[in-house]
$ cat work-v1.txt   # compact mmCIF, C-alpha atoms
# COMPACT_ATOMS: atom_id res chain seq x y z
CA MET A 1 0.00 0.00 0.00
CA ASP A 2 1.34 3.42 -1.01
CA ASP A 3 1.19 5.95 1.83
CA ALA A 4 2.46 8.87 -0.29
CA PRO A 5 0.22 11.93 0.02
CA GLU A 6 -1.81 12.74 -3.02
CA PHE A 7 -2.09 16.22 -4.44
CA VAL A 8 -4.76 17.61 -6.74
CA ARG A 9 -4.73 20.50 -9.18
CA TYR A 10 -7.33 21.94 -11.51
CA GLN A 11 -5.97 23.84 -14.49
CA ALA A 12 -6.74 25.04 -18.00
CA THR A 13 -6.11 22.48 -20.74
CA GLN A 14 -4.28 25.00 -22.93
CA VAL A 15 -1.08 26.87 -22.12
CA ASN A 16 -1.21 30.65 -21.90
CA THR A 17 1.06 33.10 -23.70
CA ARG A 18 3.84 32.40 -21.17
CA GLY A 19 3.63 28.67 -21.83
CA ILE A 20 2.04 27.68 -18.52
CA TYR A 21 -1.18 25.92 -17.61
CA VAL A 22 -3.12 28.46 -15.55
CA GLY A 23 -4.96 27.14 -12.52
CA ILE A 24 -8.70 27.51 -12.25
CA PHE A 25 -8.48 30.47 -9.86
CA GLY A 26 -6.25 32.30 -12.35
CA SER A 27 -8.61 31.39 -15.18
CA ALA A 28 -11.61 32.73 -13.26
CA ASN A 29 -9.66 35.86 -12.32
CA GLY A 30 -8.82 36.37 -15.99
CA LEU A 31 -12.49 36.19 -16.98
CA ALA A 32 -13.32 38.75 -14.31
CA SER A 33 -10.48 41.15 -15.12
CA ASN A 34 -11.39 41.03 -18.81
CA GLY A 35 -15.01 41.96 -18.03
CA LYS A 36 -16.40 38.68 -19.35
CA LEU A 37 -18.47 37.69 -16.30
CA SER A 38 -22.16 38.49 -15.95
CA ASP A 39 -23.07 40.65 -12.95
CA GLU A 40 -24.31 37.57 -11.08
CA ASP A 41 -21.18 35.55 -11.89
CA HIS A 42 -18.95 38.50 -10.99
CA GLN A 43 -20.58 38.72 -7.56
CA TRP A 44 -20.22 34.95 -7.08
CA TRP A 45 -16.54 35.13 -8.09
CA GLN A 46 -15.85 37.97 -5.63
CA ASP A 47 -17.55 36.10 -2.79
CA ALA A 48 -15.83 32.81 -3.63
CA ASN A 49 -12.40 34.43 -3.85
CA ALA A 50 -12.96 36.21 -0.54
CA TRP A 51 -13.88 32.88 1.09
CA TYR A 52 -10.71 31.20 -0.24
CA ASP A 53 -8.56 34.20 0.74
CA ALA A 54 -9.79 33.81 4.32
CA ALA A 55 -9.64 29.99 4.36
CA TYR A 56 -5.95 29.36 3.70
CA PRO A 57 -2.57 31.11 3.39
CA ASP A 58 -1.45 32.90 0.24
CA PRO A 59 2.02 31.43 -0.45
CA ASN A 60 3.09 34.66 -2.16
CA LEU A 61 2.54 36.63 1.06
CA ILE A 62 4.69 34.17 3.02
CA ASP A 63 7.43 33.79 0.40
CA PRO A 64 7.33 36.46 -2.34
CA THR A 65 9.83 34.49 -4.43
CA VAL A 66 7.61 31.43 -4.82
CA TYR A 67 5.79 32.85 -7.87
CA ASP A 68 8.67 35.01 -9.10
CA ARG A 69 8.54 34.68 -12.89
CA THR A 70 12.32 34.73 -13.21
CA ARG A 71 13.14 32.25 -10.43
CA ASN A 72 10.10 29.96 -10.74
CA PRO A 73 8.41 30.65 -14.09
CA HIS A 74 6.37 27.44 -14.02
CA ALA A 75 5.33 27.43 -10.32
CA GLN A 76 2.04 25.64 -9.70
CA ALA A 77 -0.13 25.33 -6.61
CA TRP A 78 -1.60 21.93 -5.75
CA PHE A 79 -4.06 21.22 -2.95
CA LYS A 80 -3.35 18.37 -0.60
CA ALA A 81 -6.05 15.75 -1.13
CA GLY A 82 -6.91 15.96 2.57
CA ALA A 83 -7.96 19.62 2.26
CA ALA A 84 -11.60 18.56 1.89
CA HIS A 85 -13.04 21.89 3.07
CA LEU A 86 -11.19 23.67 0.25
CA LEU A 87 -11.82 21.05 -2.42
CA ALA A 88 -15.56 21.00 -1.62
CA ARG A 89 -15.97 24.48 -3.14
CA ILE A 90 -14.01 23.79 -6.33
CA PRO A 91 -17.10 22.70 -8.34
CA GLY A 92 -18.35 26.30 -8.25
CA TYR A 93 -15.24 27.43 -10.14
CA LEU A 94 -15.49 24.50 -12.54
CA ASN A 95 -19.12 25.38 -13.31
CA LEU A 96 -18.15 29.00 -13.87
CA LEU A 97 -15.40 28.01 -16.30
CA ASP A 98 -17.77 25.64 -18.10
CA ARG A 99 -20.31 28.44 -18.60
CA TYR A 100 -17.66 30.59 -20.28
CA GLY A 101 -16.14 27.83 -22.40
CA VAL A 102 -12.83 27.54 -20.52
CA GLN A 103 -11.68 23.95 -20.72
CA TRP A 104 -10.07 22.53 -17.59
CA GLU A 105 -8.64 19.29 -16.31
CA GLU A 106 -8.09 17.65 -12.95
CA LEU A 107 -4.61 16.33 -12.17
CA ARG A 108 -3.62 14.06 -9.29
CA SER A 109 -0.12 13.07 -8.31
CA PRO A 110 1.82 11.83 -5.30
CA THR A 111 4.82 13.87 -6.55
CA PRO A 112 3.75 16.87 -8.64
CA GLY A 113 7.22 18.44 -8.83
CA HIS A 114 10.11 20.06 -6.99
CA LEU A 115 8.76 21.54 -3.75
CA LEU A 116 8.96 25.35 -3.50
CA TYR A 117 6.47 25.92 -0.67
CA GLU A 118 4.27 23.85 1.64
CA ASP A 119 1.65 24.47 4.30
CA ASP A 120 -1.13 22.39 5.85
CA VAL A 121 -3.38 22.38 2.77
CA GLN A 122 -1.22 22.99 -0.29
CA VAL A 123 2.12 22.86 -1.99
CA VAL A 124 3.65 25.03 -4.68
CA VAL A 125 5.98 23.16 -6.99
CA ASP A 126 8.09 23.53 -10.06
CA PRO A 127 6.27 20.80 -12.00
CA HIS A 128 7.86 17.83 -13.68
CA ARG A 129 8.21 18.57 -17.40
$ encode --input "work-v1.txt" --output "structure tokens"
Amino acid sequence: MDDAPEFVRYQATQVNTRGIYVGIFGSANGLASNGKLSDEDHQWWQDANAWYDAAYPDPNLIDPTVYDRTRNPHAQAWFKAGAAHLLARIPGYLNLLDRYGVQWEELRSPTPGHLLYEDDVQVVVDPHR
């Protein structure tokens, strides 16, 4: 039996202009910042983001280098599979992306990449390529 922790990530299926797979929060933020969300969806997005901001640490506030585009250009955040309270709200983001035609995928891995940051509910890694 494998006791390795499992990690989960939800991301866009297409790379962006920088060659990275944007996570679903970044994809939703992009829709909002580009004015593509309906008023109702925009309000939902604001409320959902506020909930997540309060629910767990922002790695960038703890270690500003973790998402530095020069040092870690491919950095990705992965939830720990045990972070059920955080994962339970992910379907709202997935439904939002579906409504706006943003394709996404779910990834699971016991070893998503070289560890850059870790806390109780997530890791940020330089992914295996």
$ residues_around --input "work-v1.txt" --residues "stretch 79-88 of chain A" --least-positions-apart "5" --cutoff "9 Å" --atoms "all atoms listed in the file" --output "PyMOL selection string"
chain A and resi 5-9+52+55-56+108+120-124
$ closest_residue --input "work-v1.txt" --among "A:Asn60, A:Asn29, A:Asn16, A:Gln76" --to "A:His42" --atoms "all atoms listed in the file"
A:Asn29
$ axis_aligned_box --input "work-v1.txt" --around "stretch 31-46 of chain A" --padding-each-side "6 Å" --output "JSON"
{"center_x": -17.4, "center_y": 38.5, "center_z": -12.5, "size_x": 25.8, "size_y": 19.0, "size_z": 25.7}
$ atom_distance --input "work-v1.txt" --atom1 "atom CA of A:Glu106" --atom2 "atom CA of A:Gln11"
6.7 Å
$ closest_residue --input "work-v1.txt" --among "A:Asn95, A:Thr65, A:Ser109, A:Ser33" --to "A:Trp78" --atoms "only C-alpha atoms"
A:Ser109
$ residues_near_point --input "work-v1.txt" --point "(-4.1, 22.7, -12.4)" --cutoff "7 Å" --atoms "only C-alpha atoms" --output "PyMOL selection string"
chain A and resi 9-12+21-24+105-107
$ atom_distance --input "work-v1.txt" --atom1 "atom CA of A:Asp63" --atom2 "atom CA of A:Trp51"
21.3 Å
$ atom_distance --input "work-v1.txt" --atom1 "atom CA of A:Tyr93" --atom2 "atom CA of A:Ala50"
13.2 Å
$ residues_around --input "work-v1.txt" --residues "A:Asp126" --least-positions-apart "5" --cutoff "9 Å" --atoms "only C-alpha atoms" --output "VMD selection string"
chain A and resid 72 to 76 112 to 116
$ closest_residue --input "work-v1.txt" --among "A:Arg99, A:Asp47, A:Trp104, A:Thr111" --to "A:Gly26" --atoms "only C-alpha atoms"
A:Trp104
$ build_atoms --input "work-v1.txt" --residues "stretch 93-126 of chain A" --atoms "N, CA and C atoms" --output "PDB file, keeping the file's coordinate frame"
ATOM      1  N   TYR A  93     -16.172  26.870  -9.138  1.00  0.00           N
ATOM      2  CA  TYR A  93     -15.240  27.430 -10.140  1.00  0.00           C
ATOM      3  C   TYR A  93     -15.317  26.639 -11.439  1.00  0.00           C
ATOM      4  N   LEU A  94     -15.421  25.328 -11.332  1.00  0.00           N
ATOM      5  CA  LEU A  94     -15.490  24.500 -12.540  1.00  0.00           C
ATOM      6  C   LEU A  94     -16.756  24.817 -13.329  1.00  0.00           C
ATOM      7  N   ASN A  95     -17.873  25.005 -12.633  1.00  0.00           N
ATOM      8  CA  ASN A  95     -19.120  25.380 -13.310  1.00  0.00           C
ATOM      9  C   ASN A  95     -19.000  26.741 -13.966  1.00  0.00           C
ATOM     10  N   LEU A  96     -18.358  27.674 -13.296  1.00  0.00           N
ATOM     11  CA  LEU A  96     -18.150  29.000 -13.870  1.00  0.00           C
ATOM     12  C   LEU A  96     -17.332  28.901 -15.159  1.00  0.00           C
ATOM     13  N   LEU A  97     -16.236  28.172 -15.110  1.00  0.00           N
ATOM     14  CA  LEU A  97     -15.400  28.010 -16.300  1.00  0.00           C
ATOM     15  C   LEU A  97     -16.168  27.324 -17.421  1.00  0.00           C
ATOM     16  N   ASP A  98     -16.951  26.316 -17.084  1.00  0.00           N
ATOM     17  CA  ASP A  98     -17.770  25.640 -18.100  1.00  0.00           C
ATOM     18  C   ASP A  98     -18.719  26.617 -18.789  1.00  0.00           C
ATOM     19  N   ARG A  99     -19.360  27.477 -18.019  1.00  0.00           N
ATOM     20  CA  ARG A  99     -20.310  28.440 -18.600  1.00  0.00           C
ATOM     21  C   ARG A  99     -19.645  29.383 -19.596  1.00  0.00           C
ATOM     22  N   TYR A 100     -18.361  29.649 -19.407  1.00  0.00           N
ATOM     23  CA  TYR A 100     -17.660  30.590 -20.280  1.00  0.00           C
ATOM     24  C   TYR A 100     -16.729  29.884 -21.266  1.00  0.00           C
ATOM     25  N   GLY A 101     -16.866  28.585 -21.390  1.00  0.00           N
ATOM     26  CA  GLY A 101     -16.140  27.830 -22.400  1.00  0.00           C
ATOM     27  C   GLY A 101     -14.652  27.660 -22.137  1.00  0.00           C
ATOM     28  N   VAL A 102     -14.234  27.753 -20.876  1.00  0.00           N
ATOM     29  CA  VAL A 102     -12.830  27.540 -20.520  1.00  0.00           C
ATOM     30  C   VAL A 102     -12.658  26.063 -20.175  1.00  0.00           C
ATOM     31  N   GLN A 103     -11.890  25.364 -20.975  1.00  0.00           N
ATOM     32  CA  GLN A 103     -11.680  23.950 -20.720  1.00  0.00           C
ATOM     33  C   GLN A 103     -10.655  23.760 -19.610  1.00  0.00           C
ATOM     34  N   TRP A 104     -10.920  22.784 -18.754  1.00  0.00           N
ATOM     35  CA  TRP A 104     -10.070  22.530 -17.590  1.00  0.00           C
ATOM     36  C   TRP A 104      -9.880  21.022 -17.440  1.00  0.00           C
ATOM     37  N   GLU A 105      -8.898  20.690 -16.609  1.00  0.00           N
ATOM     38  CA  GLU A 105      -8.640  19.290 -16.310  1.00  0.00           C
ATOM     39  C   GLU A 105      -8.264  19.159 -14.843  1.00  0.00           C
ATOM     40  N   GLU A 106      -8.489  17.969 -14.305  1.00  0.00           N
ATOM     41  CA  GLU A 106      -8.090  17.650 -12.950  1.00  0.00           C
ATOM     42  C   GLU A 106      -6.857  16.767 -13.012  1.00  0.00           C
ATOM     43  N   LEU A 107      -5.835  17.119 -12.259  1.00  0.00           N
ATOM     44  CA  LEU A 107      -4.610  16.330 -12.170  1.00  0.00           C
ATOM     45  C   LEU A 107      -4.448  15.835 -10.747  1.00  0.00           C
ATOM     46  N   ARG A 108      -3.945  14.613 -10.605  1.00  0.00           N
ATOM     47  CA  ARG A 108      -3.620  14.060  -9.290  1.00  0.00           C
ATOM     48  C   ARG A 108      -2.239  13.439  -9.376  1.00  0.00           C
ATOM     49  N   SER A 109      -1.471  13.618  -8.322  1.00  0.00           N
ATOM     50  CA  SER A 109      -0.120  13.070  -8.310  1.00  0.00           C
ATOM     51  C   SER A 109       0.380  12.952  -6.879  1.00  0.00           C
ATOM     52  N   PRO A 110       1.158  11.901  -6.599  1.00  0.00           N
ATOM     53  CA  PRO A 110       1.820  11.830  -5.300  1.00  0.00           C
ATOM     54  C   PRO A 110       3.075  12.706  -5.264  1.00  0.00           C
ATOM     55  N   THR A 111       3.593  13.060  -6.442  1.00  0.00           N
ATOM     56  CA  THR A 111       4.820  13.870  -6.550  1.00  0.00           C
ATOM     57  C   THR A 111       4.683  14.836  -7.729  1.00  0.00           C
ATOM     58  N   PRO A 112       4.012  15.966  -7.522  1.00  0.00           N
ATOM     59  CA  PRO A 112       3.750  16.870  -8.640  1.00  0.00           C
ATOM     60  C   PRO A 112       4.961  17.665  -9.143  1.00  0.00           C
ATOM     61  N   GLY A 113       6.049  17.698  -8.384  1.00  0.00           N
ATOM     62  CA  GLY A 113       7.220  18.440  -8.830  1.00  0.00           C
ATOM     63  C   GLY A 113       8.152  18.773  -7.680  1.00  0.00           C
ATOM     64  N   HIS A 114       9.136  19.613  -7.990  1.00  0.00           N
ATOM     65  CA  HIS A 114      10.110  20.060  -6.990  1.00  0.00           C
ATOM     66  C   HIS A 114       9.435  21.053  -6.043  1.00  0.00           C
ATOM     67  N   LEU A 115       9.452  20.755  -4.762  1.00  0.00           N
ATOM     68  CA  LEU A 115       8.760  21.540  -3.750  1.00  0.00           C
ATOM     69  C   LEU A 115       9.385  22.927  -3.588  1.00  0.00           C
ATOM     70  N   LEU A 116       8.541  23.963  -3.715  1.00  0.00           N
ATOM     71  CA  LEU A 116       8.960  25.350  -3.500  1.00  0.00           C
ATOM     72  C   LEU A 116       8.368  25.924  -2.215  1.00  0.00           C
ATOM     73  N   TYR A 117       7.189  25.407  -1.832  1.00  0.00           N
ATOM     74  CA  TYR A 117       6.470  25.920  -0.670  1.00  0.00           C
ATOM     75  C   TYR A 117       5.497  24.838  -0.203  1.00  0.00           C
ATOM     76  N   GLU A 118       5.264  24.785   1.114  1.00  0.00           N
ATOM     77  CA  GLU A 118       4.270  23.850   1.640  1.00  0.00           C
ATOM     78  C   GLU A 118       3.656  24.416   2.904  1.00  0.00           C
ATOM     79  N   ASP A 119       2.338  24.192   3.043  1.00  0.00           N
ATOM     80  CA  ASP A 119       1.650  24.470   4.300  1.00  0.00           C
ATOM     81  C   ASP A 119       0.682  23.311   4.557  1.00  0.00           C
ATOM     82  N   ASP A 120      -0.248  23.487   5.457  1.00  0.00           N
ATOM     83  CA  ASP A 120      -1.130  22.390   5.850  1.00  0.00           C
ATOM     84  C   ASP A 120      -2.057  21.887   4.746  1.00  0.00           C
ATOM     85  N   VAL A 121      -2.367  22.740   3.766  1.00  0.00           N
ATOM     86  CA  VAL A 121      -3.380  22.380   2.770  1.00  0.00           C
ATOM     87  C   VAL A 121      -2.897  22.384   1.329  1.00  0.00           C
ATOM     88  N   GLN A 122      -1.680  22.845   1.095  1.00  0.00           N
ATOM     89  CA  GLN A 122      -1.220  22.990  -0.290  1.00  0.00           C
ATOM     90  C   GLN A 122       0.290  22.912  -0.393  1.00  0.00           C
ATOM     91  N   VAL A 123       0.716  22.715  -1.628  1.00  0.00           N
ATOM     92  CA  VAL A 123       2.120  22.860  -1.990  1.00  0.00           C
ATOM     93  C   VAL A 123       2.192  23.719  -3.248  1.00  0.00           C
ATOM     94  N   VAL A 124       3.320  24.372  -3.414  1.00  0.00           N
ATOM     95  CA  VAL A 124       3.650  25.030  -4.680  1.00  0.00           C
ATOM     96  C   VAL A 124       4.904  24.345  -5.171  1.00  0.00           C
ATOM     97  N   VAL A 125       4.873  23.937  -6.428  1.00  0.00           N
ATOM     98  CA  VAL A 125       5.980  23.160  -6.990  1.00  0.00           C
ATOM     99  C   VAL A 125       6.410  23.741  -8.319  1.00  0.00           C
ATOM    100  N   ASP A 126       7.638  23.389  -8.679  1.00  0.00           N
ATOM    101  CA  ASP A 126       8.090  23.530 -10.060  1.00  0.00           C
ATOM    102  C   ASP A 126       7.770  22.163 -10.661  1.00  0.00           C
TER     103      ASP A 126
END
